[in-house]
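Dumped entry37.tsv below, it's TSV, C-alpha atoms:
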chain	number	residue	atom	x	y	z
A	13	GLN	CA	3.20	-11.08	16.02
A	14	THR	CA	2.63	-8.59	18.82
A	15	GLU	CA	6.05	-7.00	19.14
A	16	PHE	CA	5.17	-3.79	17.25
A	17	SER	CA	1.39	-3.83	17.52
A	18	ARG	CA	1.19	-0.65	19.64
A	19	ALA	CA	1.28	1.69	16.66
A	20	ASP	CA	0.02	-0.68	14.00
A	21	LYS	CA	-3.51	0.69	14.18
A	22	VAL	CA	-2.29	3.98	12.69
A	23	ARG	CA	-0.06	2.36	10.10
A	24	SER	CA	-2.50	1.35	7.42
A	25	TRP	CA	-0.93	3.20	4.48
A	26	GLU	CA	-0.94	1.56	1.07
A	27	GLY	CA	0.99	2.35	-2.08
A	28	PHE	CA	2.26	1.15	-5.39
A	29	HIS	CA	6.01	0.58	-5.76
A	30	SER	CA	7.63	1.11	-9.15
A	31	SER	CA	11.36	1.31	-8.43
A	32	LEU	CA	13.92	1.03	-5.64
A	33	SER	CA	16.42	3.85	-5.26
A	34	SER	CA	19.06	1.51	-3.80
A	35	SER	CA	19.21	-0.62	-6.96
A	36	ARG	CA	20.40	0.25	-10.44
A	37	TYR	CA	17.84	-2.21	-11.76
A	38	ASN	CA	14.81	-0.04	-12.55
A	39	ALA	CA	11.98	-1.75	-14.39
A	40	GLN	CA	9.42	0.99	-13.98
A	41	THR	CA	6.22	-1.00	-14.35
A	42	MET	CA	7.26	-4.33	-12.90
A	43	SER	CA	6.89	-5.79	-9.43
A	44	LYS	CA	9.88	-7.52	-7.92
A	45	ALA	CA	10.70	-10.05	-5.23
A	46	PHE	CA	14.06	-9.45	-3.53
A	47	ILE	CA	15.89	-12.29	-1.77
A	48	LEU	CA	18.74	-10.82	0.32
A	49	ILE	CA	21.60	-13.11	1.39
A	50	PRO	CA	24.16	-11.52	3.76
A	51	GLY	CA	27.56	-13.21	3.66
A	52	ALA	CA	27.04	-14.72	0.19
A	53	ARG	CA	30.16	-13.20	-1.39
A	54	LEU	CA	33.69	-14.43	-0.76
A	55	PRO	CA	36.91	-12.45	-0.25
A	56	GLU	CA	38.32	-12.02	-3.74
A	57	GLY	CA	41.73	-13.46	-2.82
A	58	GLU	CA	40.21	-16.68	-1.48
A	59	ALA	CA	37.16	-17.09	-3.69
A	60	GLN	CA	38.68	-19.36	-6.33
A	61	ARG	CA	40.11	-21.76	-3.73
A	62	ILE	CA	36.85	-21.93	-1.78
A	63	LEU	CA	34.66	-22.34	-4.85
A	64	SER	CA	36.83	-25.09	-6.31
A	65	SER	CA	36.77	-27.09	-3.07
A	66	LEU	CA	33.01	-26.96	-2.41
A	67	PRO	CA	31.25	-30.31	-1.93
A	68	GLU	CA	29.05	-31.20	-4.88
A	69	ALA	CA	25.77	-30.46	-3.05
A	70	SER	CA	27.06	-27.07	-1.89
A	71	ALA	CA	28.31	-26.18	-5.37
A	72	ARG	CA	24.93	-27.03	-6.90
A	73	ALA	CA	23.18	-24.98	-4.23
A	74	LEU	CA	25.37	-21.95	-4.89
A	75	SER	CA	24.87	-22.21	-8.66
A	76	SER	CA	21.09	-22.35	-8.21
A	77	LEU	CA	21.09	-18.85	-6.73
A	78	GLY	CA	21.95	-17.41	-10.14
A	79	GLU	CA	19.17	-19.18	-12.02
A	80	GLY	CA	17.00	-16.80	-14.02
A	81	ALA	CA	19.54	-13.98	-13.86
A	82	GLY	CA	21.31	-12.50	-16.84
A	83	GLN	CA	23.43	-9.71	-15.37
A	84	VAL	CA	25.22	-8.74	-12.17
A	85	VAL	CA	24.70	-5.24	-10.79
A	86	ALA	CA	27.40	-4.41	-8.23
A	87	GLN	CA	26.93	-1.76	-5.53
A	88	VAL	CA	29.05	-0.32	-2.74
A	89	LEU	CA	26.67	0.51	0.10
A	90	ASP	CA	28.88	1.41	3.07
A	91	ALA	CA	32.66	1.32	3.34
A	92	GLY	CA	32.58	2.81	6.86
A	93	CYS	CA	30.84	1.69	10.03
A	94	TYR	CA	28.36	-0.61	8.29
A	95	ARG	CA	30.94	-2.56	6.33
A	96	ARG	CA	30.45	-6.23	7.23
A	97	ALA	CA	26.70	-5.50	7.50
A	98	PRO	CA	25.82	-3.75	4.22
A	99	HIS	CA	22.49	-5.59	4.10
A	100	LEU	CA	21.30	-3.40	6.98
A	101	SER	CA	22.11	-0.29	4.94
A	102	TRP	CA	20.18	-1.73	1.96
A	103	LEU	CA	17.15	-2.61	4.07
A	104	TRP	CA	17.13	0.72	5.92
A	105	ARG	CA	17.27	2.74	2.70
A	106	VAL	CA	14.71	0.67	0.82
A	107	ILE	CA	12.19	0.22	3.63
A	108	THR	CA	12.39	3.66	5.27
A	109	ARG	CA	13.51	5.72	2.23
A	110	ARG	CA	16.15	7.38	4.40
A	111	ASN	CA	19.75	7.89	3.30
A	112	SER	CA	21.14	8.06	6.83
A	113	THR	CA	22.86	5.22	8.65
A	114	PRO	CA	20.45	2.65	10.13
A	115	HIS	CA	18.80	3.31	13.49
A	116	GLU	CA	18.53	-0.06	15.21
A	117	ALA	CA	18.17	0.58	18.94
A	118	PRO	CA	14.58	1.92	19.14
A	119	TRP	CA	13.16	-1.13	17.40
A	120	ARG	CA	15.34	-3.63	19.26
A	121	TRP	CA	14.03	-2.04	22.48
A	122	LEU	CA	10.40	-2.18	21.30
A	123	SER	CA	10.75	-5.80	20.18
A	124	LEU	CA	11.57	-6.77	23.78
A	125	GLY	CA	8.40	-5.10	25.02
A	126	GLY	CA	9.90	-1.79	26.11
A	127	ARG	CA	7.83	1.39	26.10
A	128	GLU	CA	8.44	4.32	23.78
A	129	GLN	CA	11.41	6.50	24.64
A	130	ALA	CA	11.51	10.19	23.71
A	131	PRO	CA	15.32	10.62	24.00
A	132	GLU	CA	17.78	9.12	21.57
A	133	LEU	CA	18.19	5.41	22.32
A	134	TRP	CA	21.33	3.31	21.89
A	135	CYS	CA	22.05	-0.42	22.18
A	136	LEU	CA	24.59	-1.40	24.84
A	137	THR	CA	25.71	-4.91	23.96
A	138	PRO	CA	27.82	-7.24	26.16
A	139	LEU	CA	30.73	-8.94	24.39
A	140	SER	CA	33.10	-11.78	25.17
A	141	LEU	CA	36.64	-11.65	23.80
A	142	GLU	CA	39.29	-14.24	23.02
A	143	ASN	CA	42.79	-12.93	22.38
A	144	GLY	CA	41.22	-9.55	21.76
A	145	HIS	CA	38.80	-10.86	19.10
A	146	VAL	CA	35.05	-10.57	19.57
A	147	LEU	CA	33.34	-13.94	19.95
A	148	ALA	CA	30.08	-14.67	18.14
A	149	GLU	CA	28.53	-16.08	21.30
A	150	ARG	CA	27.27	-13.35	23.60
A	151	PRO	CA	27.42	-13.96	27.35
A	152	GLU	CA	24.04	-14.83	28.86
A	153	LEU	CA	23.71	-13.28	32.30
A	154	GLU	CA	21.66	-14.41	35.25
A	155	GLU	CA	19.55	-11.66	36.79
A	156	ARG	CA	21.84	-11.31	39.81
A	157	GLU	CA	24.94	-11.03	37.62
A	158	PHE	CA	23.20	-8.54	35.35
A	159	MET	CA	22.20	-6.23	38.20
A	160	GLU	CA	25.65	-6.33	39.83
A	161	LEU	CA	27.27	-5.34	36.54
A	162	THR	CA	24.62	-2.66	35.99
A	163	PHE	CA	25.48	-1.02	39.32
A	164	ALA	CA	29.18	-1.13	38.39
A	165	ILE	CA	28.90	0.48	34.96
A	166	GLU	CA	26.07	2.93	35.53
A	167	PRO	CA	28.17	5.71	37.16
A	168	VAL	CA	30.43	5.87	34.11
A	169	PHE	CA	27.50	6.61	31.82
A	170	LEU	CA	25.74	8.96	34.25
A	171	LYS	CA	28.89	11.05	34.41
A	172	ALA	CA	28.76	11.35	30.61
A	173	GLY	CA	25.10	12.42	30.56
A	174	LEU	CA	23.70	9.00	29.63
A	175	ARG	CA	21.12	6.91	31.45
A	176	VAL	CA	21.26	3.13	31.49
A	177	GLN	CA	17.91	1.58	30.55
A	178	ILE	CA	17.28	-2.09	31.26
A	179	TRP	CA	14.75	-4.60	30.02
A	180	ASP	CA	15.05	-8.14	31.40
A	181	THR	CA	18.79	-8.71	31.01
A	182	SER	CA	19.41	-6.29	28.13
A	183	TRP	CA	21.09	-2.89	28.38
A	184	PHE	CA	20.30	0.28	26.44
A	185	LEU	CA	21.32	3.91	26.82
A	186	THR	CA	19.33	7.12	26.46
A	187	ARG	CA	20.76	10.56	25.88
A	188	ARG	CA	19.00	13.91	26.10
A	189	GLU	CA	20.82	15.36	23.09
A	190	ASP	CA	21.59	13.38	19.95
A	191	TRP	CA	25.11	11.99	19.78
A	192	ALA	CA	27.27	12.96	16.78
A	193	VAL	CA	28.70	9.47	16.35
A	194	THR	CA	28.19	6.33	14.27
A	195	THR	CA	29.55	2.94	15.29
A	196	ALA	CA	29.67	-0.52	13.75
A	197	PRO	CA	26.54	-2.59	14.41
A	198	ALA	CA	27.07	-5.17	17.14
A	199	MET	CA	26.09	-7.99	14.77
A	200	ALA	CA	29.12	-7.20	12.57
A	201	LEU	CA	31.73	-7.42	15.35
A	202	PRO	CA	32.39	-11.20	15.68
A	203	GLY	CA	35.85	-12.06	14.41
A	204	LEU	CA	37.17	-8.49	14.66
A	205	MET	CA	39.71	-7.18	17.11
A	206	LEU	CA	37.54	-4.86	19.21
A	207	ASP	CA	39.97	-1.97	18.74
A	208	GLU	CA	39.51	-2.33	14.94
A	209	ALA	CA	35.73	-1.84	15.07
A	210	PRO	CA	34.91	1.49	13.38
A	211	VAL	CA	33.67	4.48	15.35
A	212	GLU	CA	33.14	7.70	13.37
A	213	GLY	CA	31.94	11.24	14.05
A	214	GLU	CA	32.63	14.25	16.26
A	215	ALA	CA	32.01	12.26	19.44
A	216	ALA	CA	34.11	9.24	18.37
A	217	GLU	CA	36.86	9.79	20.92
A	218	GLU	CA	34.32	10.36	23.70
A	219	VAL	CA	32.63	7.04	22.90
A	220	LYS	CA	35.94	5.19	22.70
A	221	GLY	CA	36.93	6.64	26.07
A	222	LEU	CA	33.68	5.48	27.68
A	223	LEU	CA	34.11	1.98	26.28
A	224	ARG	CA	37.70	1.80	27.57
A	225	GLU	CA	36.63	2.97	31.04
A	226	VAL	CA	33.85	0.37	31.22
A	227	ARG	CA	36.18	-2.35	29.96
A	228	ALA	CA	38.62	-1.60	32.79
A	229	ILE	CA	35.80	-1.96	35.34
A	230	LEU	CA	34.67	-5.26	33.84
A	231	ALA	CA	38.18	-6.74	33.76
A	232	ASP	CA	38.39	-7.26	37.53
A	233	HIS	CA	34.71	-7.45	38.44
A	234	PRO	CA	33.79	-10.35	40.77
A	235	VAL	CA	30.98	-11.46	38.44
A	236	ASN	CA	33.47	-12.01	35.65
A	237	ALA	CA	35.99	-13.65	37.95
A	238	ALA	CA	33.33	-16.16	39.01
A	239	ARG	CA	32.26	-16.81	35.43
A	240	ARG	CA	35.84	-17.45	34.31
A	241	ALA	CA	36.42	-19.80	37.25
A	242	ALA	CA	33.31	-21.74	36.23
A	243	GLY	CA	34.49	-21.97	32.60
A	244	ARG	CA	31.89	-19.51	31.32
A	245	HIS	CA	32.45	-16.57	29.01
A	246	ALA	CA	32.92	-13.28	30.84
A	247	VAL	CA	31.49	-9.91	29.89
A	248	ASP	CA	34.82	-8.53	28.71
A	249	ALA	CA	33.51	-5.41	26.99
A	250	LEU	CA	30.41	-3.46	26.03
A	251	TRP	CA	29.57	-1.93	22.67
A	252	ILE	CA	27.43	1.14	21.91
A	253	SER	CA	25.60	1.08	18.58
A	254	GLY	CA	22.47	1.73	16.55
A	255	GLY	CA	21.42	5.06	18.04
A	256	GLY	CA	18.25	6.83	16.96
A	257	HIS	CA	14.66	7.78	17.74
A	258	GLU	CA	11.54	5.74	17.23
A	259	GLU	CA	9.46	7.32	14.46
A	260	LEU	CA	6.93	6.68	11.73
A	261	PHE	CA	8.47	6.95	8.28
A	262	PHE	CA	6.87	9.16	5.65
A	263	PRO	CA	6.28	8.77	2.82
A	264	PRO	CA	5.35	5.19	3.63
A	265	THR	CA	7.21	2.32	2.02
A	266	LEU	CA	5.85	0.76	-1.12
A	267	ILE	CA	7.18	-2.68	-0.16
A	268	ARG	CA	4.21	-4.95	0.52
A	269	SER	CA	5.75	-7.68	2.70
A	270	VAL	CA	9.01	-8.34	4.57
A	271	ALA	CA	10.34	-11.66	5.90
A	272	SER	CA	13.33	-11.37	8.26
A	273	ASP	CA	14.59	-12.85	11.52
A	274	ASP	CA	16.01	-9.44	12.53
A	275	ALA	CA	13.72	-7.63	15.00
A	276	ALA	CA	15.00	-4.20	13.91
A	277	VAL	CA	14.19	-4.90	10.26
A	278	ARG	CA	10.68	-6.04	11.16
A	279	GLY	CA	10.30	-2.89	13.25
A	280	TRP	CA	11.38	-0.64	10.38
A	281	ALA	CA	8.86	-2.36	8.13
A	282	ASN	CA	6.00	-1.72	10.56
A	283	ALA	CA	7.08	1.88	11.20
A	284	ALA	CA	7.19	2.44	7.42
A	285	GLY	CA	3.57	1.41	7.00
A	286	ILE	CA	3.55	-2.35	6.43
A	287	LEU	CA	0.79	-3.97	8.47
A	288	ILE	CA	1.99	-6.31	11.18
A	289	GLU	CA	0.28	-9.32	9.59
A	290	ARG	CA	2.36	-8.75	6.43
A	291	ILE	CA	5.66	-8.93	8.35
A	292	GLY	CA	7.16	-12.29	9.26
A	293	ARG	CA	10.27	-14.31	9.93
A	294	ASP	CA	12.47	-16.11	7.40
A	295	THR	CA	10.46	-19.28	6.70
A	296	GLY	CA	10.71	-19.54	2.92
A	297	ARG	CA	7.29	-17.91	2.48
A	298	TRP	CA	6.05	-14.37	2.81
A	299	PRO	CA	3.00	-13.50	4.90
A	300	GLU	CA	-0.17	-12.77	2.95
A	301	ALA	CA	-0.03	-9.38	1.21
A	302	PRO	CA	-1.35	-7.64	-1.91
A	303	HIS	CA	0.38	-7.60	-5.30
A	304	GLY	CA	3.65	-5.66	-5.24
A	305	ASP	CA	7.30	-5.75	-4.24
A	306	VAL	CA	8.38	-8.07	-1.42
A	307	VAL	CA	11.66	-8.56	0.47
A	308	ALA	CA	13.08	-11.60	2.26
A	309	VAL	CA	16.36	-11.89	4.19
A	310	ILE	CA	18.15	-15.25	4.51
A	311	GLU	CA	20.90	-14.98	7.15
A	312	ASP	CA	22.08	-18.61	7.28
A	313	LEU	CA	25.48	-17.86	5.70
A	314	TYR	CA	26.20	-14.75	7.72
A	315	PRO	CA	27.63	-16.21	10.99
A	316	ALA	CA	30.08	-18.44	9.13
A	317	TRP	CA	31.01	-15.57	6.80
A	318	LEU	CA	31.81	-13.30	9.76
A	319	ALA	CA	33.93	-16.06	11.31
A	320	ARG	CA	35.62	-16.81	7.97
A	321	ASP	CA	34.68	-20.45	8.59
A	322	TRP	CA	34.35	-21.57	4.99
A	323	GLU	CA	33.54	-25.19	5.80
A	324	ALA	CA	30.53	-24.07	7.86
A	325	TRP	CA	29.68	-21.62	5.06
A	326	ALA	CA	29.63	-24.48	2.56
A	327	ARG	CA	27.47	-26.64	4.84
A	328	ALA	CA	24.88	-23.85	5.07
A	329	LEU	CA	24.51	-23.42	1.29
A	330	PRO	CA	21.94	-26.19	0.63
A	331	GLU	CA	19.52	-24.74	3.19
A	332	VAL	CA	19.99	-21.25	1.75
A	333	ALA	CA	19.26	-22.58	-1.73
A	334	ARG	CA	16.18	-24.42	-0.45
A	335	LYS	CA	14.79	-21.25	1.11
A	336	ALA	CA	15.61	-19.17	-1.99
A	337	ALA	CA	13.80	-21.70	-4.21
A	338	SER	CA	10.82	-21.61	-1.86
A	339	TYR	CA	10.69	-17.81	-2.03
A	340	ARG	CA	10.97	-17.94	-5.83
A	341	GLU	CA	7.92	-20.18	-5.98
A	342	ASP	CA	6.07	-18.10	-3.39
A	343	ALA	CA	6.71	-14.90	-5.37
A	344	LYS	CA	4.13	-16.09	-7.88
A	345	ARG	CA	1.44	-15.24	-5.32
A	346	PHE	CA	2.47	-11.59	-5.61
A	347	GLU	CA	2.58	-11.72	-9.42
A	348	ALA	CA	6.24	-10.72	-9.23
A	349	ASP	CA	7.64	-10.20	-12.70
A	350	ASP	CA	11.20	-10.76	-11.51
A	351	VAL	CA	12.92	-12.45	-8.58
A	352	LEU	CA	16.27	-10.86	-7.74
A	353	VAL	CA	18.86	-12.42	-5.45
A	354	VAL	CA	20.96	-9.75	-3.70
A	355	ALA	CA	24.25	-11.27	-2.50
A	356	PHE	CA	26.13	-9.24	0.11
A	357	GLY	CA	29.82	-9.10	0.91
A	358	GLU	CA	32.09	-6.78	2.87
A	359	THR	CA	30.85	-3.33	1.84
A	360	GLY	CA	28.21	-3.90	-0.79
A	361	ALA	CA	26.16	-6.27	-2.88
A	362	ALA	CA	25.87	-8.03	-6.21
A	363	THR	CA	22.28	-8.07	-7.47
A	364	LEU	CA	21.60	-11.02	-9.77
A	365	ALA	CA	19.14	-9.32	-12.11
A	366	PRO	CA	17.40	-10.39	-15.31
A	367	ALA	CA	19.19	-9.47	-18.50
A	368	GLU	CA	17.97	-6.41	-20.32
A	369	ALA	CA	15.54	-8.14	-22.62
A	370	GLY	CA	15.80	-7.82	-26.37
A	371	LEU	CA	13.08	-8.78	-28.83
A	372	MET	CA	13.95	-12.50	-28.88
A	373	GLU	CA	14.10	-12.73	-25.10
A	374	ARG	CA	10.74	-10.98	-24.76
A	375	LEU	CA	9.16	-13.30	-27.29
A	376	PHE	CA	10.60	-16.59	-26.12
A	377	ARG	CA	11.56	-15.93	-22.45
A	378	ARG	CA	14.81	-17.90	-22.76
A	379	LYS	CA	16.18	-19.32	-19.55
A	380	SER	CA	19.37	-17.73	-18.30
A	381	SER	CA	21.75	-18.13	-15.38
A	382	VAL	CA	24.71	-16.32	-13.83
A	383	GLU	CA	27.45	-18.61	-12.53
A	384	PRO	CA	29.02	-18.03	-9.07
A	385	ALA	CA	32.37	-17.02	-10.61
A	386	ALA	CA	30.65	-13.89	-11.97
A	387	TRP	CA	29.25	-12.64	-8.66
A	388	CYS	CA	30.63	-14.57	-5.69
A	389	PRO	CA	34.15	-13.04	-5.62
A	390	ASP	CA	33.77	-9.79	-3.69
A	391	ARG	CA	35.27	-7.25	-6.10
A	392	TYR	CA	34.22	-3.67	-6.76
A	393	GLU	CA	35.21	-2.83	-10.33
A	394	GLY	CA	32.28	-1.04	-11.94
A	395	ALA	CA	30.28	-0.92	-8.72
A	396	VAL	CA	27.88	1.97	-8.31
A	397	GLN	CA	27.54	4.02	-5.14

Full structure transcribed into structure tokens:
Amino acid sequence: QTEFSRADKVRSWEGFHSSLSSSRYNAQTMSKAFILIPGARLPEGEAQRILSSLPEASARALSSLGEGAGQVVAQVLDAGCYRRAPHLSWLWRVITRRNSTPHEAPWRWLSLGGREQAPELWCLTPLSLENGHVLAERPELEEREFMELTFAIEPVFLKAGLRVQIWDTSWFLTRREDWAVTTAPAMALPGLMLDEAPVEGEAAEEVKGLLREVRAILADHPVNAARRAAGRHAVDALWISGGGHEELFFPPTLIRSVASDDAAVRGWANAAGILIERIGRDTGRWPEAPHGDVVAVIEDLYPAWLARDWEAWARALPEVARKAASYREDAKRFEADDVLVVAFGETGAATLAPAEAGLMERLFRRKSSVEPAAWCPDRYEGAVQ
């Protein structure tokens, strides 16, 4: 719990949260617990087949996610560069209250122990390819290999006005002037043909050219030749993503606690005013925090969803359901009036929200549930922007 402690002493803001701008569900006086599940929605054309073939334990687990819900609120969050990672757009907007694309690099750098950087900072991620497709497994480099590749690629970036920054065996880039470009987050690339990964903005062609030039250097580099000969994945390509500046977000977030395994998300939470002791990893419980809205992110389905490996997806469902049930129970500590599961797909989300209560529901608090067929197929009819 020390990764963002440098600035925590000045981040002691408090607040009361009444609504979230990213959700159409607006209960003005109620506190809410949000359980985000990236990769929980299935391609519409395959959903019926996958759902009908789920093992019994997986089917029960999936159905349990809709318990307590009475309506599905569909949203399209990003049909551009952050498609395949719309949960990052949701988290960025809700935590930081910014409507821009997420800035990942500064907080990924800080989480490694790097010092503050004044220029714009970008992630530079090594990738391995198979038949042109990005593999989920990233190549782990020994220090000698890392430095040899650094010396090989650095001139390309220097020529373009970028400086390569290193921390242990991770690469980043800094640029004196902000870059007018947005790219897909590196986490969303596995399974894609690299040439299909979206790059948008005025500098898109410049970025694509740099990546092609670096890829040509890597293709014949002795480090990669040795790795291939030893049966290890080569560094076939690099990817630039997540550019932005470290900053403190104002007004501060009104979320009281965040649980996530993503270092960037934890960094955003701290920079938006959540004390470091109220930020944790995905364990099924939130760190101690006052009454108010809380957010948890369960990523267990996401790798299999990216790979379109539906058997692995099904195997992961019971653990996802266990964590979601644990968070539901834990939400009572925060006096949360509602627990909302937010299931993410390709470009957006389906929020499993309580039904709009009528008199009978308010009096008797009838139990309700939304079945997977109503929210799991990833369709967009009626979705709100």

All residues 8 Å or closer to segment 329-334 of chain A, all atoms listed in the file, same chain fewer than 2 positions away omitted, as a PyMOL selection string: chain A and resi 69-70+73-74+76-77+310+312-313+325-327+336-338

Proximity check segment 242-272 of chain A to segment 215-220 of chain A, 12 Å, nearest pairs one decimal Å, all atoms listed in the file, as JSON lines:
{"residue": "A:Ala249", "atom": "CA", "partner": "A:Lys220", "partner_atom": "CA", "distance": 11.7}
{"residue": "A:Leu250", "atom": "CA", "partner": "A:Lys220", "partner_atom": "CA", "distance": 10.8}
{"residue": "A:Trp251", "atom": "CA", "partner": "A:Val219", "partner_atom": "CA", "distance": 9.5}
{"residue": "A:Ile252", "atom": "CA", "partner": "A:Val219", "partner_atom": "CA", "distance": 7.9}
{"residue": "A:Ser253", "atom": "CA", "partner": "A:Val219", "partner_atom": "CA", "distance": 10.2}

Using 7 Å as the limit and counting only C-alpha atoms, can you tabulate each residue of segment 172-243 of chain A that touches segment 91-105 of chain A, with its shortest atom-to-atom distance in Å and the two atoms involved, as CSV?
residue,atom,partner,partner_atom,distance
A:Thr194,CA,A:Cys93,CA,6.8
A:Thr195,CA,A:Cys93,CA,5.6
A:Ala196,CA,A:Cys93,CA,4.5
A:Pro197,CA,A:Tyr94,CA,6.7
A:Ala200,CA,A:Arg96,CA,5.6
A:Pro210,CA,A:Cys93,CA,5.3
A:Val211,CA,A:Cys93,CA,6.6

Distance query Pro299 of chain A at most 12 Å, all atoms listed in the file, self and fewer than 6 positions along chain excluded, as a list in words: Gln13, Arg268, Ser269, Val270, Ala271, Ser272, Ile286, Leu287, Ile288, Glu289, Arg290, Ile291, Gly292, Arg293, Val306, Val307, Ala308, Tyr339, Asp342, Ala343, Arg345 and Phe346 of chain A

Straight-line distance linking atom CA of Ser381 of chain A with atom CA of Ala86 of chain A, stated in Å to one decimal: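 Pair atom CA of Ser381 of chain A / atom CA of Ala86 of chain A returns 16.5 Å.
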